[in-house]
>>> print(open('query-v6.cif').read())   # mmCIF, C-alpha atoms
data_data
#
loop_
_atom_site.label_atom_id
_atom_site.label_comp_id
_atom_site.auth_asym_id
_atom_site.auth_seq_id
_atom_site.Cartn_x
_atom_site.Cartn_y
_atom_site.Cartn_z
CA MET A 1 58.51 -44.34 -45.48
CA HIS A 2 56.34 -46.14 -48.05
CA LEU A 3 55.79 -43.52 -50.78
CA ILE A 4 53.78 -44.84 -53.72
CA THR A 5 54.65 -43.36 -57.10
CA SER A 6 53.39 -46.04 -59.53
CA THR A 7 49.99 -47.44 -60.48
CA SER A 8 51.08 -51.03 -59.80
CA ALA A 9 52.23 -50.23 -56.26
CA LEU A 10 49.03 -48.29 -55.64
CA SER A 11 46.90 -51.17 -56.89
CA GLU A 12 48.73 -53.66 -54.64
CA THR A 13 48.38 -51.42 -51.57
CA CYS A 14 44.69 -50.70 -52.19
CA SER A 15 44.04 -54.44 -52.52
CA ARG A 16 45.61 -55.00 -49.10
CA LEU A 17 43.62 -52.15 -47.58
CA ALA A 18 40.39 -53.46 -49.12
CA ALA A 19 40.82 -56.65 -47.11
CA GLY A 20 40.28 -54.71 -43.89
CA ASP A 21 37.00 -53.39 -42.53
CA TYR A 22 38.13 -49.75 -42.51
CA VAL A 23 40.78 -47.41 -43.92
CA ALA A 24 41.79 -44.08 -42.42
CA VAL A 25 42.24 -41.45 -45.14
CA ASP A 26 43.57 -37.92 -45.40
CA THR A 27 44.55 -35.72 -48.33
CA GLU A 28 46.83 -32.76 -48.78
CA PHE A 29 45.94 -30.26 -51.47
CA MET A 30 46.52 -26.72 -52.63
CA ARG A 31 43.88 -24.23 -53.72
CA GLU A 32 45.23 -20.80 -52.80
CA GLN A 33 45.71 -19.94 -56.47
CA THR A 34 42.89 -22.01 -58.01
CA PHE A 35 39.14 -22.55 -57.78
CA TRP A 36 39.41 -26.33 -57.97
CA PRO A 37 41.67 -27.98 -55.37
CA GLU A 38 44.87 -29.60 -56.64
CA LEU A 39 45.36 -33.02 -55.06
CA CYS A 40 48.99 -33.27 -53.91
CA LEU A 41 49.16 -36.19 -51.48
CA ILE A 42 47.01 -39.09 -50.23
CA GLN A 43 47.60 -40.82 -46.90
CA MET A 44 45.98 -44.15 -46.02
CA ALA A 45 46.20 -46.50 -43.04
CA GLY A 46 44.28 -49.70 -42.43
CA PRO A 47 44.49 -52.32 -39.67
CA ASN A 48 47.64 -53.86 -41.18
CA ALA A 49 48.95 -51.42 -43.76
CA GLU A 50 49.78 -47.75 -44.23
CA ALA A 51 51.04 -45.75 -47.18
CA ILE A 52 51.45 -42.34 -48.78
CA VAL A 53 50.50 -41.83 -52.42
CA ASP A 54 52.00 -39.17 -54.67
CA PRO A 55 49.23 -38.13 -57.11
CA LEU A 56 51.73 -35.88 -58.92
CA ALA A 57 54.07 -38.76 -59.83
CA ASP A 58 54.56 -39.19 -63.58
CA GLY A 59 52.16 -41.69 -65.12
CA ILE A 60 50.35 -42.70 -61.94
CA ASP A 61 46.66 -43.62 -62.33
CA LEU A 62 44.60 -43.10 -59.18
CA LYS A 63 41.81 -45.47 -60.23
CA PRO A 64 42.72 -48.11 -57.58
CA PHE A 65 42.39 -45.45 -54.88
CA TYR A 66 39.03 -44.27 -56.20
CA ASP A 67 37.84 -47.89 -56.43
CA LEU A 68 38.75 -48.28 -52.75
CA MET A 69 36.81 -45.10 -51.93
CA ALA A 70 33.75 -46.59 -53.65
CA ASN A 71 34.10 -50.00 -51.93
CA ARG A 72 31.05 -50.29 -49.66
CA SER A 73 32.57 -53.06 -47.56
CA VAL A 74 35.32 -50.75 -46.25
CA VAL A 75 34.53 -47.82 -43.94
CA LYS A 76 36.42 -44.67 -44.92
CA VAL A 77 37.54 -42.85 -41.76
CA PHE A 78 38.28 -39.11 -42.07
CA HIS A 79 38.73 -36.27 -39.62
CA ALA A 80 36.72 -33.22 -40.76
CA ALA A 81 35.85 -35.05 -43.95
CA ARG A 82 34.14 -32.39 -46.04
CA GLN A 83 37.18 -31.07 -47.90
CA ASP A 84 38.62 -34.54 -48.44
CA ILE A 85 35.32 -35.77 -49.86
CA GLU A 86 35.04 -32.62 -51.98
CA ILE A 87 38.37 -33.27 -53.68
CA VAL A 88 37.53 -36.93 -54.35
CA TYR A 89 34.20 -35.80 -55.81
CA SER A 90 35.80 -33.10 -57.98
CA GLU A 91 38.54 -35.44 -59.22
CA ALA A 92 36.57 -38.66 -59.74
CA GLY A 93 32.89 -37.72 -59.56
CA LEU A 94 32.21 -40.11 -56.67
CA ILE A 95 31.46 -39.85 -52.96
CA PRO A 96 33.46 -42.15 -50.66
CA THR A 97 31.03 -44.49 -48.92
CA PRO A 98 30.48 -45.50 -46.18
CA VAL A 99 32.14 -42.67 -44.23
CA PHE A 100 32.95 -42.14 -40.55
CA ASP A 101 33.95 -38.57 -39.63
CA THR A 102 35.85 -38.57 -36.33
CA GLN A 103 35.30 -34.84 -35.77
CA ILE A 104 31.52 -35.26 -35.91
CA ALA A 105 31.66 -38.45 -33.85
CA ALA A 106 33.77 -36.63 -31.25
CA MET A 107 31.15 -33.88 -31.02
CA VAL A 108 28.49 -36.53 -30.42
CA CYS A 109 30.69 -38.10 -27.73
CA GLY A 110 31.16 -34.88 -25.77
CA PHE A 111 34.58 -33.68 -26.96
CA GLY A 112 33.33 -30.16 -27.66
CA GLU A 113 32.73 -28.22 -30.85
CA SER A 114 34.91 -28.80 -33.94
CA VAL A 115 37.65 -30.51 -31.94
CA SER A 116 40.95 -30.45 -33.82
CA TYR A 117 42.83 -33.59 -34.83
CA VAL A 118 45.79 -32.60 -32.64
CA ASN A 119 43.60 -32.19 -29.56
CA LEU A 120 41.67 -35.37 -30.25
CA VAL A 121 44.90 -37.39 -30.59
CA LYS A 122 46.09 -35.94 -27.29
CA LYS A 123 42.85 -36.70 -25.46
CA VAL A 124 42.42 -40.22 -26.83
CA THR A 125 46.01 -41.48 -27.06
CA GLY A 126 47.96 -39.05 -24.86
CA ARG A 127 50.39 -38.36 -27.71
CA ASP A 128 51.61 -34.92 -28.82
CA LEU A 129 51.82 -34.33 -32.58
CA ASP A 130 54.52 -32.29 -34.28
CA LYS A 131 52.65 -29.74 -36.43
CA SER A 132 55.73 -27.86 -37.69
CA SER A 133 55.07 -29.07 -41.26
CA ARG A 134 51.45 -27.93 -41.21
CA PHE A 135 51.90 -25.12 -43.75
CA THR A 136 53.96 -27.13 -46.23
CA ASP A 137 53.56 -26.41 -49.93
CA TRP A 138 52.48 -29.94 -50.79
CA SER A 139 52.81 -29.35 -54.53
CA ARG A 140 56.61 -28.96 -54.33
CA ARG A 141 58.89 -31.92 -54.89
CA PRO A 142 60.81 -33.57 -53.41
CA LEU A 143 59.09 -33.81 -50.01
CA SER A 144 61.36 -34.38 -47.03
CA GLU A 145 61.17 -37.38 -44.69
CA LYS A 146 59.92 -35.00 -41.99
CA GLN A 147 57.08 -33.78 -44.19
CA LEU A 148 56.10 -37.33 -45.13
CA ALA A 149 56.21 -38.45 -41.49
CA TYR A 150 53.93 -35.54 -40.56
CA ALA A 151 51.53 -36.43 -43.35
CA LEU A 152 51.38 -40.10 -42.41
CA GLY A 153 50.70 -39.17 -38.78
CA ASP A 154 47.41 -37.69 -39.92
CA VAL A 155 46.09 -41.22 -40.53
CA THR A 156 48.06 -43.59 -38.28
CA HIS A 157 46.64 -42.06 -35.10
CA LEU A 158 43.23 -41.92 -36.74
CA ARG A 159 43.02 -45.71 -36.36
CA ASP A 160 43.13 -45.45 -32.56
CA ILE A 161 40.65 -42.57 -32.56
CA TYR A 162 38.23 -44.50 -34.76
CA ALA A 163 38.36 -47.55 -32.48
CA TYR A 164 37.79 -45.41 -29.39
CA LEU A 165 34.89 -43.37 -30.79
CA LYS A 166 33.23 -46.40 -32.37
CA ALA A 167 33.23 -48.18 -29.00
CA GLU A 168 31.95 -45.05 -27.25
CA LEU A 169 29.08 -44.66 -29.71
CA GLU A 170 28.12 -48.31 -29.30
CA SER A 171 28.13 -48.10 -25.52
CA THR A 172 25.92 -44.98 -25.54
CA HIS A 173 23.69 -46.23 -28.38
CA ARG A 174 24.38 -43.11 -30.43
CA GLU A 175 25.52 -44.75 -33.67
CA SER A 176 22.32 -43.62 -35.41
CA TRP A 177 23.09 -40.00 -34.51
CA VAL A 178 26.35 -40.15 -36.44
CA ASP A 179 24.64 -42.06 -39.27
CA GLU A 180 22.25 -39.11 -39.74
CA GLU A 181 25.20 -36.73 -40.05
CA MET A 182 26.99 -39.01 -42.50
CA ALA A 183 23.92 -39.11 -44.74
CA GLU A 184 24.18 -35.36 -45.31
CA LEU A 185 27.98 -35.43 -45.51
CA THR A 186 27.89 -38.04 -48.28
CA ALA A 187 25.03 -36.54 -50.30
CA PRO A 188 26.19 -35.45 -53.79
CA SER A 189 24.15 -32.25 -53.42
CA THR A 190 26.55 -31.18 -50.65
CA TYR A 191 29.37 -30.97 -53.20
CA GLU A 192 27.66 -29.96 -56.42
CA SER A 193 28.77 -26.48 -57.42
CA HIS A 194 25.86 -24.76 -59.18
CA PRO A 195 26.54 -21.06 -59.84
CA GLU A 196 22.89 -20.16 -59.27
CA ASN A 197 23.26 -21.33 -55.67
CA ALA A 198 26.59 -19.61 -55.00
CA TRP A 199 24.93 -16.81 -53.00
CA ARG A 200 23.94 -19.31 -50.28
CA ARG A 201 27.53 -19.56 -49.01
CA LEU A 202 27.63 -15.80 -48.35
CA LYS A 203 27.07 -14.61 -44.77
CA MET A 204 26.76 -10.80 -44.88
CA ARG A 205 23.57 -8.75 -45.04
CA VAL A 206 21.68 -7.17 -47.89
CA ARG A 207 19.22 -4.34 -47.34
CA ASN A 208 16.11 -5.66 -49.05
CA ARG A 209 14.73 -8.18 -51.54
CA ARG A 210 15.82 -6.11 -54.56
CA ALA A 211 19.36 -6.22 -53.23
CA LEU A 212 19.02 -9.97 -52.70
CA GLY A 213 18.06 -10.42 -56.36
CA VAL A 214 21.17 -8.50 -57.41
CA LEU A 215 23.36 -10.49 -55.00
CA ILE A 216 22.10 -13.80 -56.41
CA GLU A 217 22.96 -12.70 -59.96
CA LEU A 218 26.35 -11.29 -58.95
CA ALA A 219 27.34 -14.43 -57.05
CA ALA A 220 26.36 -16.63 -60.01
CA TRP A 221 28.32 -14.39 -62.42
CA ARG A 222 31.41 -14.58 -60.20
CA GLU A 223 31.07 -18.36 -59.79
CA HIS A 224 30.90 -18.90 -63.56
CA LEU A 225 34.07 -16.86 -64.10
CA ALA A 226 35.98 -18.42 -61.21
CA GLN A 227 35.19 -21.95 -62.38
CA ALA A 228 35.95 -21.21 -66.02
CA GLN A 229 39.27 -19.53 -65.23
CA ASP A 230 40.09 -21.87 -62.31
CA VAL A 231 40.91 -19.01 -59.95
CA PRO A 232 39.69 -18.27 -56.39
CA ARG A 233 36.41 -16.37 -56.18
CA GLY A 234 38.13 -13.43 -54.51
CA ARG A 235 40.38 -13.04 -57.54
CA ILE A 236 37.28 -12.17 -59.56
CA LEU A 237 35.58 -10.02 -56.91
CA ARG A 238 35.80 -10.01 -53.12
CA ASP A 239 32.73 -10.79 -51.00
CA GLU A 240 32.71 -7.26 -49.57
CA ALA A 241 32.47 -5.83 -53.08
CA LEU A 242 29.59 -8.18 -53.95
CA TYR A 243 27.57 -6.88 -51.02
CA ASP A 244 28.49 -3.27 -51.72
CA ILE A 245 27.34 -3.56 -55.33
CA ALA A 246 24.16 -5.46 -54.36
CA ASN A 247 23.18 -2.82 -51.82
CA GLN A 248 24.15 0.25 -53.91
CA GLN A 249 22.97 -1.16 -57.28
CA PRO A 250 25.10 1.09 -59.54
CA SER A 251 23.54 1.73 -62.94
CA SER A 252 26.64 3.05 -64.70
CA PRO A 253 30.45 2.76 -64.61
CA GLU A 254 30.53 6.21 -62.99
CA LYS A 255 28.33 5.00 -60.13
CA LEU A 256 30.45 1.87 -59.84
CA ALA A 257 33.57 4.02 -59.49
CA GLU A 258 32.13 5.59 -56.33
CA LEU A 259 32.27 2.30 -54.40
CA ARG A 260 35.18 2.08 -51.97
CA THR A 261 35.34 -1.70 -52.14
CA LEU A 262 36.59 -1.59 -55.75
CA SER A 263 40.09 -0.65 -56.84
CA ASP A 264 40.89 2.53 -58.74
CA GLY A 265 40.32 2.10 -62.44
CA PHE A 266 38.09 -0.95 -62.05
CA ALA A 267 35.07 0.95 -63.37
CA ARG A 268 36.82 1.35 -66.74
CA SER A 269 37.37 -2.39 -67.22
CA GLN A 270 35.39 -4.87 -69.30
CA ARG A 271 34.46 -6.65 -66.11
CA ALA A 272 32.76 -3.46 -64.87
CA LYS A 273 30.46 -3.51 -67.89
CA GLU A 274 29.53 -7.11 -67.10
CA ILE A 275 28.75 -6.15 -63.51
CA ILE A 276 26.44 -3.32 -64.58
CA ALA A 277 24.55 -5.75 -66.82
CA THR A 278 24.40 -8.30 -63.99
CA VAL A 279 23.00 -5.69 -61.59
CA GLN A 280 20.30 -4.91 -64.11
CA ARG A 281 19.38 -8.60 -64.41
CA GLY A 282 19.08 -8.79 -60.65
CA LEU A 283 16.80 -5.75 -60.52
CA GLU A 284 14.58 -7.27 -63.21
CA ARG A 285 14.02 -10.50 -61.31
CA ASP A 286 10.45 -11.22 -60.21
CA PRO A 287 10.36 -10.60 -56.43
CA LYS A 288 8.08 -13.63 -56.08
CA SER A 289 10.90 -15.85 -57.37
CA LEU A 290 13.27 -14.74 -54.60
CA PRO A 291 13.70 -16.58 -51.29
CA PRO A 292 12.50 -14.80 -48.15
CA LEU A 293 14.87 -12.47 -46.34
CA GLN A 294 15.56 -13.90 -42.92
CA HIS A 295 19.18 -14.38 -41.97
CA GLY A 296 20.67 -11.25 -40.49
CA GLN A 297 17.43 -9.28 -40.67
CA PRO A 298 16.14 -7.33 -37.63
CA MET A 299 14.01 -9.39 -35.27
CA SER A 300 11.12 -8.28 -33.12
CA ALA A 301 11.74 -7.80 -29.40
CA GLU A 302 9.72 -10.95 -28.72
CA ALA A 303 11.74 -13.04 -31.17
CA THR A 304 15.01 -11.64 -29.80
CA ALA A 305 14.03 -12.62 -26.27
CA THR A 306 12.98 -16.06 -27.47
CA VAL A 307 16.34 -16.62 -29.14
CA GLU A 308 18.18 -15.72 -25.94
CA LEU A 309 16.10 -18.22 -23.96
CA LEU A 310 16.64 -20.86 -26.64
CA LYS A 311 20.40 -20.36 -26.34
CA VAL A 312 20.22 -21.09 -22.62
CA LEU A 313 18.03 -24.14 -23.24
CA LEU A 314 20.45 -25.38 -25.92
CA LYS A 315 23.49 -25.10 -23.66
CA SER A 316 21.62 -26.90 -20.90
CA ALA A 317 20.55 -29.76 -23.20
CA ALA A 318 24.04 -30.06 -24.68
CA ALA A 319 25.69 -30.20 -21.26
CA ARG A 320 23.19 -32.71 -19.93
CA HIS A 321 23.66 -35.08 -22.86
CA ARG A 322 27.40 -34.33 -23.39
CA VAL A 323 26.97 -33.22 -26.99
CA ALA A 324 28.49 -30.16 -28.65
CA PRO A 325 25.78 -27.42 -28.81
CA ARG A 326 26.56 -26.51 -32.44
CA LEU A 327 25.88 -30.08 -33.51
CA ILE A 328 22.36 -29.84 -32.09
CA ALA A 329 21.43 -26.38 -33.42
CA ASP A 330 23.13 -23.33 -34.89
CA SER A 331 22.14 -19.68 -34.70
CA ASP A 332 20.07 -19.91 -37.89
CA ASP A 333 18.03 -22.76 -36.38
CA LEU A 334 17.35 -20.75 -33.23
CA GLU A 335 16.33 -17.64 -35.18
CA ARG A 336 13.96 -19.60 -37.40
CA ILE A 337 12.40 -21.40 -34.43
CA ALA A 338 11.81 -18.00 -32.83
CA ARG A 339 10.48 -16.34 -36.00
CA GLU A 340 8.54 -18.98 -37.90
CA PRO A 341 5.36 -20.89 -36.95
CA ASP A 342 6.59 -24.18 -38.51
CA PRO A 343 10.31 -23.96 -39.27
CA ASP A 344 11.98 -26.69 -41.35
CA VAL A 345 15.31 -26.92 -39.52
CA PRO A 346 17.58 -29.83 -38.48
CA ALA A 347 17.09 -28.99 -34.79
CA LEU A 348 13.48 -30.16 -35.05
CA LYS A 349 14.28 -33.51 -36.68
CA GLY A 350 15.54 -36.91 -35.56
CA TRP A 351 17.65 -37.21 -32.42
CA ARG A 352 18.00 -33.42 -32.20
CA ARG A 353 14.25 -33.05 -31.71
CA GLN A 354 14.37 -35.54 -28.85
CA LEU A 355 17.27 -33.78 -27.12
CA PHE A 356 16.27 -30.18 -27.76
CA GLY A 357 13.62 -29.52 -30.42
CA GLU A 358 10.50 -30.56 -28.49
CA ASP A 359 11.52 -28.49 -25.46
CA ALA A 360 12.42 -25.56 -27.74
CA LEU A 361 8.88 -25.54 -29.15
CA ARG A 362 7.39 -25.84 -25.66
CA LEU A 363 9.52 -22.92 -24.48
CA LYS A 364 8.37 -20.83 -27.42
CA ARG A 365 4.71 -21.63 -26.66
CA GLY A 366 5.14 -20.75 -22.99
CA GLU A 367 4.72 -24.37 -21.90
CA LEU A 368 8.24 -24.61 -20.47
CA ALA A 369 10.15 -22.53 -17.95
CA LEU A 370 13.85 -22.35 -17.12
CA THR A 371 15.15 -22.34 -13.59
CA LEU A 372 18.53 -22.51 -11.90
CA SER A 373 19.24 -25.25 -9.37
CA LYS A 374 22.72 -25.67 -7.82
CA GLY A 375 24.30 -23.87 -10.74
CA GLU A 376 22.53 -26.01 -13.35
CA VAL A 377 19.85 -24.74 -15.74
CA LEU A 378 16.76 -26.93 -15.61
CA ALA A 379 13.71 -26.95 -17.88
CA ILE A 380 10.41 -27.41 -16.07
CA ARG A 381 6.76 -27.44 -17.12
CA PRO A 382 4.73 -24.97 -15.06
CA GLY A 383 2.17 -26.83 -12.97
CA VAL A 384 3.83 -30.21 -13.55
CA GLY A 385 5.61 -32.12 -10.77
#
>>> encode(input="query-v6.cif", output="structure tokens")
Amino acid sequence: MHLITSTSALSETCSRLAAGDYVAVDTEFMREQTFWPELCLIQMAGPNAEAIVDPLADGIDLKPFYDLMANRSVVKVFHAARQDIEIVYSEAGLIPTPVFDTQIAAMVCGFGESVSYVNLVKKVTGRDLDKSSRFTDWSRRPLSEKQLAYALGDVTHLRDIYAYLKAELESTHRESWVDEEMAELTAPSTYESHPENAWRRLKMRVRNRRALGVLIELAAWREHLAQAQDVPRGRILRDEALYDIANQQPSSPEKLAELRTLSDGFARSQRAKEIIATVQRGLERDPKSLPPLQHGQPMSAEATATVELLKVLLKSAAARHRVAPRLIADSDDLERIAREPDPDVPALKGWRRQLFGEDALRLKRGELALTLSKGEVLAIRPGVG
């Protein structure tokens, strides 16, 4: 097992990998106890070389690896790339480019939604992977030969998957579809962590716009603390407590103590005083400065019915074109198409609009009907054909 623990060995290996047209990459990291991920292992495999890098080795400089990630003549192949790219961005301030994400490519090629690496290896190569080392603490040393073999397997099979999916995309002329996805995946804005935008990652409901203002301030306050102290967000305050506070809007420690989502004695802490002040800031926000309430809010009967029809249309389009439905449109897209006169959603752009978006708008306007023929849902235009 080729385990790299020195800068010179890393530089030599990266030079060899840079001579190829692609490199498969995976990382192992820990973040259960921290806000920022701790990079613990790097696995790489090119056409003629493969290696494991120990980022925790004494004195090792990862610059050759980051230079390889920035090399535009080498395609970086990941499976479910977002977290791997995030750690490269947080460690080195750069986005690997160009990137090919095999999970997204597999969704385009009809392998279903969010297909796992294990299942993709099985379907493409017929091999079964040993996942017994999946929950390894990658920060502990030394790592066993079994753990290293498991880690390397996450990139060696990726070479075969990349070759298969690349050929499939070329034969179906869908390379541009994946290119559109990679543009968003490699945008720095995808990985920039601005506390004022922290509320956007939250999924639960708030009651009204005043509560939304409080939630925005609370999420930003928590994000600042979590980043500064390098601890998980939930260590500062759990999501459930954020929503409880935003909806109840306590104005004093005594009111805060009444919330069941907070531990006993929390209301007497310094952090409780900060929360009360944060709630007040949220209540003082100008309502005009707040984004509209849409996600999770009650819909009219007409919009609800439209969403249900759009779901059927989406499944039909996805099945017909052998593309994972979630890659074409998610539930937010469908709700906004049903609610808004001119929604700005991915489902109405690019290849998605051709496959689904145009018909979705026609269905909404009553210019399209759905019918069942031999067990298959078909979209038809009334009076046409």
>>> residues_near_point(input="query-v6.cif", point="(43.3, -49.6, -45.8)", cutoff="8 Å", atoms="only C-alpha atoms", output="CSV table (one decimal) with C-alpha atoms, keeping the file's coordinate frame")
chain,number,residue,atom,x,y,z
A,13,THR,CA,48.4,-51.4,-51.6
A,14,CYS,CA,44.7,-50.7,-52.2
A,16,ARG,CA,45.6,-55.0,-49.1
A,17,LEU,CA,43.6,-52.2,-47.6
A,18,ALA,CA,40.4,-53.5,-49.1
A,19,ALA,CA,40.8,-56.6,-47.1
A,20,GLY,CA,40.3,-54.7,-43.9
A,22,TYR,CA,38.1,-49.8,-42.5
A,23,VAL,CA,40.8,-47.4,-43.9
A,24,ALA,CA,41.8,-44.1,-42.4
A,44,MET,CA,46.0,-44.2,-46.0
A,45,ALA,CA,46.2,-46.5,-43.0
A,46,GLY,CA,44.3,-49.7,-42.4
A,47,PRO,CA,44.5,-52.3,-39.7
A,48,ASN,CA,47.6,-53.9,-41.2
A,49,ALA,CA,49.0,-51.4,-43.8
A,50,GLU,CA,49.8,-47.8,-44.2
>>> resolve_selection(input="query-v6.cif", expression="the PyMOL selection byres ((chain A and resi 135) around 12)", output="MDAnalysis selection string")
chainID A and resid 28:30 131:134 136:139 147 150:151
>>> residues_around(input="query-v6.cif", residues="Arg381 of chain A", least_positions_apart="6", cutoff="8 Å", atoms="only C-alpha atoms", output="CSV table (one decimal) with C-alpha atoms, in the frame of the given file")
chain,number,residue,atom,x,y,z
A,367,GLU,CA,4.7,-24.4,-21.9
A,368,LEU,CA,8.2,-24.6,-20.5
A,369,ALA,CA,10.2,-22.5,-18.0
>>> atom_distance(input="query-v6.cif", atom1="atom CA of Lys146 of chain A", atom2="atom CA of Phe100 of chain A")
27.9 Å
>>> closest_residue(input="query-v6.cif", among="A:Ile337, A:Met299, A:Ala324, A:Ala305", to="Glu358 of chain A", atoms="all atoms listed in the file")
A:Ile337
>>> resolve_selection(input="query-v6.cif", expression="the PyMOL selection byres ((chain A and resi 318) around 12)", output="PyMOL selection string")
chain A and resi 107-113+310-317+319-329+352+354-357+377
>>> resolve_selection(input="query-v6.cif", expression="the PyMOL selection byres ((chain A and resi 103) around 8)", output="ChimeraX atom specification")
/A:79-80,101-102,104-107,114-117
